[in-house]
Amino acid sequence: MGLFDKLAAWLGLKKEVNVLCLGLDNSGKTTIINQLKPANAQAQDIVPTIGFSIEKFKTSSLSFTVFDMSGQGRYRNLWEHYYKEGQAIIFVIDSVDKLRMVVAKEELDTLLNHPDIKHRRIPILFFANKMDVRDALSSVKVSQLLCLANIKDKPWHICATDALKGEGLQEGVDWLQDQIKTMRT
Amino acid sequence: MSESSLLDLPSGLVAFFMDLHEPRIPAVAVASGPCVYVYKNLRPYFKFTLPGLRVNTLEQDVWRQVREGQIDPLTLKEMLESVRKTADVPLSVRSLRFLSLDPDDMDDFVQLHKQQPIRRQTVITCIGTLKKSTADEDGVSCLVIGTESCDVFVLDPEAFIILSTMSLPAPPTMMDVTGQFDVEFRITVACRNGNIYILRRESEKPKYCIELSSHPVGLVRVGKNVVVGCADESLQGFTQKGKKLWTVLLPAPITTMASMELPTRGLQAVLVGLANCEVQLYRDKSLLSSIKTPEVVSSICFGRYGREDGTLIMTTKDGGLIVNILKRTASFEDRAAAAGPPLAQSVRLNVPKKTKLYVDQTLRERESGAAMHRAFQMDLSRLRLAAAGAYVKALESSLTPMSCRLSEPLKMNAVVQGLGPAFKLTLNVQNTAACRPVANLAVSFLYDESLYRMRTPYMRIPLLVPGVVYPVETFVECSSDKGISDIIKVFVLQEGSSAPLLSAHINMPVSEGLTIN
C-alpha cells in the first residue's frame with residue numbers, strides 16, 4: 001500500500017470501486033446487494049429491478065459502488081453500456097433453475113466476449129445463490145455447467161451463497177477486495 | 001406429481017381460465033370420447049358429456065320387442081340388418097356391436113344389454129378455447145368442441161351449457177379459434193373431407209370454404225391469415241376469407257405445426273416439424289431458421305415457460321422431450337432473399353401519361369377492329385402477290401445469280417478485290433446439278449465505258465463439272481478520277497441462246513487510287 005493510500009485510510013477516505021452486479025432475473029442480485037449494505041439501510045421488500053439501481057456500501061478498505069442491473073430479458077441489453085466503467089463484476093446464478101443454466105451461460109459468454117471486457121484482467125466473482133433450497137446445484141456443478149474453467153485470462157472465484165441469510169457473501173466480497181487491491185498495486 | 005386415468009383415449013387438451021377467482025389458476029380440459037374432463041389444481045373438477053344424438057325409432061322398437069321377449073337374437077339380427085340398410089338415421093354403437101358378434105355370443109350380449117335404453121353418442125374430435133367477452137390474456141374462455149357428428153359446440157365456461165351450435169359438412173379434425181364469443185369470433189376448422197371452413201358469429205353454417213388440393217395436416221393462424229400444412233408436403237397461406245396467398249414446397253412430410261409469436265420483437269411465424277428430423281421456422285413463405293432434432297418431432301409448443309418468454313418445447317416420436325430457449329441476441333432475417341420475386345419487379349416504371357391521340361387510336365381500334373384487320377390482311381395478300389410476281393419475273397428474265405433452268409442449274413457469286421484504280425474481279429461459278437456437266441458457256445460484262453476499262457469483257461467458261469467452284473478472274477480499271485462508282489452487270493450466256501442464263505449486278509467500290517494521285 002502506497003503512502004497516499006495509507007494516509008487516505010487513516011483519514012477515513014476509502015478508494016472507490018465500481019462493481020457491476022449481473023445475472024438472470026430472479027437470481028437474487030438485489031437481495032445480495034441488500035445484504036451487503038449496512039443493517040440500517042437494508043430494504044425489507046425486494047421487488048424485481050427495473051432498468052438498474054445504484055447502491056453503495058463499504059468494506060474494511062474499499063468503498064463499493066454497485067450497479068445492480070436488472071436481469072429481465074428486455075433490460076439485459078443495458079448491461080454492456082456499463083462494462084467500461086466496471087472495475088469488477090459480480091455474476092449471480094440461481095442454482096435451482098437448472099433449465100435456465102444455459103441462458104446464464106449464454107449471457108456469461110456474451111459478457112466475456114464483449115470488446116470492453118475481453119482484453120481486461122477484470123476480476124469476476126460468481127455467487128451460486130439459493131443454496132438453501134433443497135435441490136440446488138452445488139457450486140462445483142454450477143461452475144462445470146457454466147464452463148468457468150475456460151476463463152483463463154481473468155481472476156475468478158465462485159461462492160455458494162444464501163442471500164436470504166447472507167451466508168457465503170462475506171467470503172466472496174473479501175476475495176473481491178483482495179483482487180482489487182492487488183490490481184492497483 | 002398427480003396422475004388421473006382416463007376411460008378413453010384423449011383427443012385434445014387445452015388450458016383455460018373458467019372463472020375470475022383469485023388467485024388466477026387456469027383449468028385443464030381434456031377431451032376424451034364423448035366427454036370433456038375439467039381438472040383444476042391437479043384434481044378432477046367437472047365432467048361434461050355431449051348430448052345424445054337422435055335414435056332410430058325402428059331400432060328402438062326392435063330392442064323393445066327383445067326386452068319383452070317377443071323375438072330371439074337371430075331375428076333381431078335380421079331386423080337390425082334391414083334397418084341398417086334402409087334407415088337414414090344410423091344405428092347405435094350397441095346394435096352395430098351386436099351385428100358384428102358371432103352367433104354364440106349373441107345371447108349373452110342381449111341378456112346383458114337389453115334392459116338399458118338405447119343411446120347414440122358422438123365423440124369429440126378436436127377442442128379449442130374462445131375468450132368469452134374480453135381479449136385479456138387471462139380472460140374467461142369458453143370451450144369450443146368439434147364432434148364426429150359434424151357439429152361445433154361453444155360451451156359456457158362456468159355452467160357448461162351449450163351456448164352455440166354450428167354444423168359443418170364433414171367431421172372436423174383441427175381447429176383454430178380467435179375473437180371473443182360476445183363480440184365477434186372466427187372458428188377456422190379443417191375437416192376430414194380435405195376442406196377448411198370458416199365459421200363466424202351468428203352463422204350456423206360455414207361462411208367461407210377453402211378447398212385444398214391435398215388433405216390438411218396442420219392448421220395455424222398467424223395474425224389474420226391462416227397457414228395450412230398439407231399432406232403433399234406443402235405449406236399454404238390463406239387470408240381469413242379463404243383467398244390463397246402463397247405456397248411453399250417443403251423438403252419432407254409435415255408431422256406437426258405450431259405458431260411462434262414474440263410480440264416484444266414483432267415476430268409472427270410458423271414452426272413446422274418435418275419427418276426428416278427438422279423443425280423449420282417460416283415467416284410467410286420465407287424460411288427464417290431450421291433446427292435439427294435427434295428424432296422426428298411429434299408435437300411443438302412455443303411460448304412462455306417459467307421465466308423465459310421464448311421457449312420451444314418439442315416432444316419426439318419415441319417419447320423424448322426437448323426444451324429450447326430462444327437466444328436474447330437471436331435475429332430473424334430472411335435467409336434466402338432471392339427466393340421471392342426479384343426486387344426489380346416491385347419498382348414502378350415511369351410510364352408516360354396516355355395522350356389524346358393514343359386514346360383516340362385505341363378507341364378507333366376497339367370500334368373497328370375487324371375492318372382494320374381485314375384491310376391489313378388484304379394489303380398483306382397484295383404485297384405477297386406483288387413479291388411473288390416480281391420473283392417470277394426475275395427468274396424468267398434470268399436477272400438473278402441463280403439459274404433455275406433444269407438443264408443448266410448454275411450458281412454464281414462475284415468478289416471485287418483491290419483499292420483502285422485497278423480491281424480484280426473474281427466470279428465463282430458452280431454447277432449445282434447432281435451429275436450432269438454443263439458446257440459451252442460464256443461470260444459477258446456490261447458496264448459504262450466512260451468509267452471502266454475491262455481487259456476481257458467477254459470470256460468463255462470451260463466445262464463445268466458438277467459441284468466444283470470455278471473461279472473466273474478478270475481485271476477492271478477505273479478510268480475516272482471523280483471518285484464515283486457504278487454497277488457492272490455480269491451475264492452468263494449459253495452458246496446459241498440470246499437470253500442470259502443468269503445475271504448479277506456488282507456494286508463497284510469507289511476507286512481510291514486516282515484520288516491519291
# chains A, B, ... in the order shown; residues from 1 in each chain; ligands from 1
$ interface_residues --of "chain B" --to "chain A" --cutoff "9 Å" --atoms "only C-alpha atoms" --output "ChimeraX atom specification"
/B:264,307-309,323,325-328
$ select_by_dssp --residues "region 14-160 of chain A" --states "strand (DSSP E or B)" --output "MDAnalysis selection string"
chainID A and resid 15:23 52:58 62:69 88:94 124:129 156:160
$ residues_around --residues "Lys84 (chain A)" --least-positions-apart "2" --cutoff "6 Å" --atoms "only C-alpha atoms" --output "number ranges by chain"
A: 82, 86, 116
$ residues_around --residues "region 114-126 of chain B" --least-positions-apart "6" --cutoff "8 Å" --atoms "only C-alpha atoms" --output "PyMOL selection string"
chain B and resi 11-12+31-35+50-55+60+63+66-67+91-94+145-149+171-175
$ write_last_selection --atoms "N, CA, C and O atoms" --output "short mmCIF file (atom, residue, chain, number, x, y, z; two decimals), in the first residue's frame"
data_model
loop_
_atom_site.label_atom_id
_atom_site.label_comp_id
_atom_site.auth_asym_id
_atom_site.auth_seq_id
_atom_site.Cartn_x
_atom_site.Cartn_y
_atom_site.Cartn_z
N SER B 11 -58.44 -36.97 -26.96
CA SER B 11 -58.37 -36.46 -28.33
C SER B 11 -57.97 -34.99 -28.38
O SER B 11 -57.75 -34.45 -29.45
N GLY B 12 -57.89 -34.35 -27.20
CA GLY B 12 -57.47 -32.96 -27.22
C GLY B 12 -57.28 -32.45 -25.81
O GLY B 12 -57.82 -33.02 -24.85
N ALA B 31 -60.36 -33.60 -23.67
CA ALA B 31 -61.45 -34.20 -24.43
C ALA B 31 -61.14 -35.67 -24.63
O ALA B 31 -60.02 -36.03 -25.02
N SER B 32 -62.11 -36.51 -24.31
CA SER B 32 -61.88 -37.95 -24.44
C SER B 32 -63.23 -38.61 -24.69
O SER B 32 -64.16 -38.44 -23.90
N GLY B 33 -63.35 -39.33 -25.77
CA GLY B 33 -64.62 -39.95 -26.10
C GLY B 33 -65.70 -38.89 -26.24
O GLY B 33 -65.49 -37.86 -26.87
N PRO B 34 -66.86 -39.08 -25.62
CA PRO B 34 -67.92 -38.07 -25.73
C PRO B 34 -67.87 -37.03 -24.61
O PRO B 34 -68.79 -36.23 -24.48
N CYS B 35 -66.82 -37.04 -23.80
CA CYS B 35 -66.79 -36.19 -22.60
C CYS B 35 -65.63 -35.21 -22.64
O CYS B 35 -64.62 -35.42 -23.31
N LEU B 50 -71.37 -34.82 -23.99
CA LEU B 50 -72.11 -34.29 -25.13
C LEU B 50 -73.53 -34.84 -25.12
O LEU B 50 -73.75 -35.98 -24.71
N PRO B 51 -74.51 -34.07 -25.57
CA PRO B 51 -75.88 -34.59 -25.63
C PRO B 51 -75.96 -35.74 -26.63
O PRO B 51 -75.22 -35.77 -27.62
N GLY B 52 -76.87 -36.70 -26.36
CA GLY B 52 -77.01 -37.85 -27.24
C GLY B 52 -77.64 -37.45 -28.56
O GLY B 52 -78.28 -36.41 -28.68
N LEU B 53 -77.42 -38.28 -29.55
CA LEU B 53 -77.99 -37.99 -30.86
C LEU B 53 -79.34 -38.69 -30.99
O LEU B 53 -79.68 -39.57 -30.20
N ARG B 54 -80.08 -38.31 -32.03
CA ARG B 54 -81.39 -38.91 -32.28
C ARG B 54 -81.21 -40.41 -32.56
O ARG B 54 -80.31 -40.82 -33.29
N VAL B 55 -82.11 -41.22 -31.94
CA VAL B 55 -82.01 -42.66 -32.12
C VAL B 55 -83.06 -43.09 -33.12
O VAL B 55 -84.17 -42.55 -33.16
N GLN B 60 -85.21 -48.74 -31.96
CA GLN B 60 -85.71 -48.70 -30.59
C GLN B 60 -86.84 -49.74 -30.42
O GLN B 60 -86.89 -50.47 -29.43
N TRP B 63 -85.54 -53.33 -30.25
CA TRP B 63 -84.95 -53.67 -28.95
C TRP B 63 -86.03 -53.79 -27.87
O TRP B 63 -85.90 -54.59 -26.94
N VAL B 66 -87.34 -57.16 -28.07
CA VAL B 66 -86.40 -58.11 -27.47
C VAL B 66 -86.58 -58.12 -25.95
O VAL B 66 -86.62 -59.17 -25.30
N ARG B 67 -86.70 -56.90 -25.40
CA ARG B 67 -86.84 -56.80 -23.96
C ARG B 67 -88.10 -57.53 -23.48
O ARG B 67 -88.11 -58.18 -22.45
N LEU B 91 -77.43 -46.64 -36.99
CA LEU B 91 -77.68 -47.46 -35.79
C LEU B 91 -76.78 -47.01 -34.65
O LEU B 91 -75.75 -46.38 -34.85
N SER B 92 -77.18 -47.40 -33.46
CA SER B 92 -76.36 -47.07 -32.29
C SER B 92 -75.16 -48.01 -32.23
O SER B 92 -75.12 -49.04 -32.91
N VAL B 93 -74.21 -47.64 -31.39
CA VAL B 93 -72.99 -48.44 -31.26
C VAL B 93 -73.35 -49.84 -30.78
O VAL B 93 -72.76 -50.84 -31.21
N ARG B 94 -74.36 -49.92 -29.88
CA ARG B 94 -74.71 -51.23 -29.33
C ARG B 94 -75.20 -52.18 -30.43
O ARG B 94 -74.77 -53.33 -30.51
N ILE B 145 -65.83 -27.15 -29.09
CA ILE B 145 -65.65 -28.59 -29.31
C ILE B 145 -66.13 -28.96 -30.71
O ILE B 145 -67.22 -28.57 -31.12
N GLY B 146 -65.33 -29.72 -31.41
CA GLY B 146 -65.75 -30.28 -32.69
C GLY B 146 -66.06 -31.74 -32.51
O GLY B 146 -65.35 -32.44 -31.79
N THR B 147 -67.14 -32.24 -33.11
CA THR B 147 -67.54 -33.63 -32.89
C THR B 147 -67.57 -34.42 -34.18
O THR B 147 -67.61 -33.85 -35.27
N GLU B 148 -67.60 -35.73 -34.00
CA GLU B 148 -67.66 -36.66 -35.13
C GLU B 148 -68.96 -36.48 -35.91
O GLU B 148 -69.03 -36.78 -37.09
N SER B 149 -70.01 -35.96 -35.25
CA SER B 149 -71.30 -35.77 -35.93
C SER B 149 -71.33 -34.44 -36.69
O SER B 149 -72.40 -33.91 -36.97
N PRO B 171 -66.79 -34.11 -40.70
CA PRO B 171 -66.25 -34.10 -39.33
C PRO B 171 -64.99 -33.24 -39.24
O PRO B 171 -64.11 -33.35 -40.10
N PRO B 172 -64.90 -32.40 -38.22
CA PRO B 172 -63.70 -31.56 -38.07
C PRO B 172 -62.53 -32.37 -37.53
O PRO B 172 -62.73 -33.36 -36.82
N THR B 173 -61.31 -31.97 -37.90
CA THR B 173 -60.13 -32.64 -37.36
C THR B 173 -59.22 -31.69 -36.58
O THR B 173 -58.59 -32.08 -35.62
N MET B 174 -59.16 -30.44 -37.03
CA MET B 174 -58.32 -29.45 -36.33
C MET B 174 -59.08 -28.15 -36.34
O MET B 174 -59.86 -27.90 -37.26
N MET B 175 -58.85 -27.33 -35.33
CA MET B 175 -59.49 -26.02 -35.38
C MET B 175 -58.64 -24.94 -34.75
O MET B 175 -57.76 -25.21 -33.94
#
$ residues_around --residues "Phe17 (chain B)" --least-positions-apart "6" --cutoff "9 Å" --atoms "only C-alpha atoms" --output "PyMOL selection string"
chain B and resi 24-28+138-142+157
$ residues_around --residues "region 228-238 of chain B" --least-positions-apart "3" --cutoff "6 Å" --atoms "only C-alpha atoms" --output "MDAnalysis selection string"
chainID B and resid 214:219 225 242:250 253
$ residues_around --residues "Ile89 (chain A)" --least-positions-apart "3" --cutoff "12 Å" --atoms "only C-alpha atoms" --output "ChimeraX atom specification"
/A:17-23,29,64-69,79,82-86,92,108,111-112,117,120-127,154-158,172-173,176-177,179-180
$ select_by_dssp --residues "region 220-441 of chain B" --states "helix (DSSP H, G or I)" --output "JSON, numbers by chain"
{"B": [263, 264, 265, 337, 338, 339, 343, 344, 345, 346, 356, 357, 358, 359, 360, 361, 362, 363, 364, 365, 366, 367, 369, 370, 371, 372, 373, 374, 375, 376, 377, 378, 379, 380, 381, 382, 383, 384, 385, 386, 387, 388, 389, 390, 391, 392, 393, 394, 395, 396]}
$ write_last_selection --atoms "C-alpha atoms" --output "short mmCIF file (atom, residue, chain, number, x, y, z; two decimals), in the first residue's frame"
data_model
loop_
_atom_site.label_atom_id
_atom_site.label_comp_id
_atom_site.auth_asym_id
_atom_site.auth_seq_id
_atom_site.Cartn_x
_atom_site.Cartn_y
_atom_site.Cartn_z
CA PRO B 263 -44.89 -9.65 -29.56
CA THR B 264 -41.84 -7.96 -27.98
CA ARG B 265 -39.93 -8.43 -31.22
CA ALA B 337 -33.93 -13.28 -50.01
CA ALA B 338 -33.69 -14.46 -53.60
CA ALA B 339 -36.49 -16.91 -53.12
CA LEU B 343 -36.70 -6.73 -56.44
CA ALA B 344 -36.98 -5.05 -59.82
CA GLN B 345 -40.49 -6.42 -60.15
CA SER B 346 -41.77 -4.11 -57.47
CA LYS B 356 -55.27 12.09 -76.57
CA LEU B 357 -54.03 10.64 -79.82
CA TYR B 358 -53.35 7.32 -78.11
CA VAL B 359 -56.77 7.25 -76.52
CA ASP B 360 -58.46 8.12 -79.81
CA GLN B 361 -56.48 5.48 -81.60
CA THR B 362 -57.32 2.76 -79.07
CA LEU B 363 -60.97 3.77 -79.26
CA ARG B 364 -60.91 3.51 -83.03
CA GLU B 365 -59.13 0.18 -82.81
CA ARG B 366 -61.72 -1.09 -80.40
CA GLU B 367 -64.63 0.05 -82.54
CA GLY B 369 -61.03 -3.76 -85.14
CA ALA B 370 -62.48 -6.25 -87.62
CA ALA B 371 -62.39 -3.82 -90.55
CA MET B 372 -58.79 -2.87 -89.75
CA HIS B 373 -57.78 -6.49 -89.61
CA ARG B 374 -59.46 -7.16 -92.97
CA ALA B 375 -57.76 -4.18 -94.61
CA PHE B 376 -54.39 -5.29 -93.24
CA GLN B 377 -54.86 -8.87 -94.45
CA MET B 378 -55.86 -7.63 -97.90
CA ASP B 379 -52.78 -5.41 -98.18
CA LEU B 380 -50.63 -8.25 -96.94
CA SER B 381 -52.02 -10.55 -99.62
CA ARG B 382 -51.40 -7.91 -102.27
CA LEU B 383 -47.85 -7.44 -101.08
CA ARG B 384 -47.27 -11.16 -101.25
CA LEU B 385 -48.70 -11.29 -104.75
CA ALA B 386 -46.52 -8.39 -105.90
CA ALA B 387 -43.42 -10.02 -104.35
CA ALA B 388 -44.20 -13.37 -105.97
CA GLY B 389 -44.81 -11.69 -109.34
CA ALA B 390 -41.50 -9.83 -109.16
CA TYR B 391 -39.71 -13.01 -108.21
CA VAL B 392 -41.19 -14.93 -111.12
CA LYS B 393 -40.28 -12.11 -113.48
CA ALA B 394 -36.71 -12.07 -112.20
CA LEU B 395 -36.42 -15.81 -112.65
CA GLU B 396 -37.90 -15.70 -116.15
#
$ closest_residue --among "B:Leu287, B:Val476, B:Leu58, B:Leu425" --to "Tyr452 (chain B)" --atoms "only C-alpha atoms"
B:Val476
$ atom_distance --atom1 "CA of Lys152 (chain A)" --atom2 "CA of Trp175 (chain A)"
17.6 Å
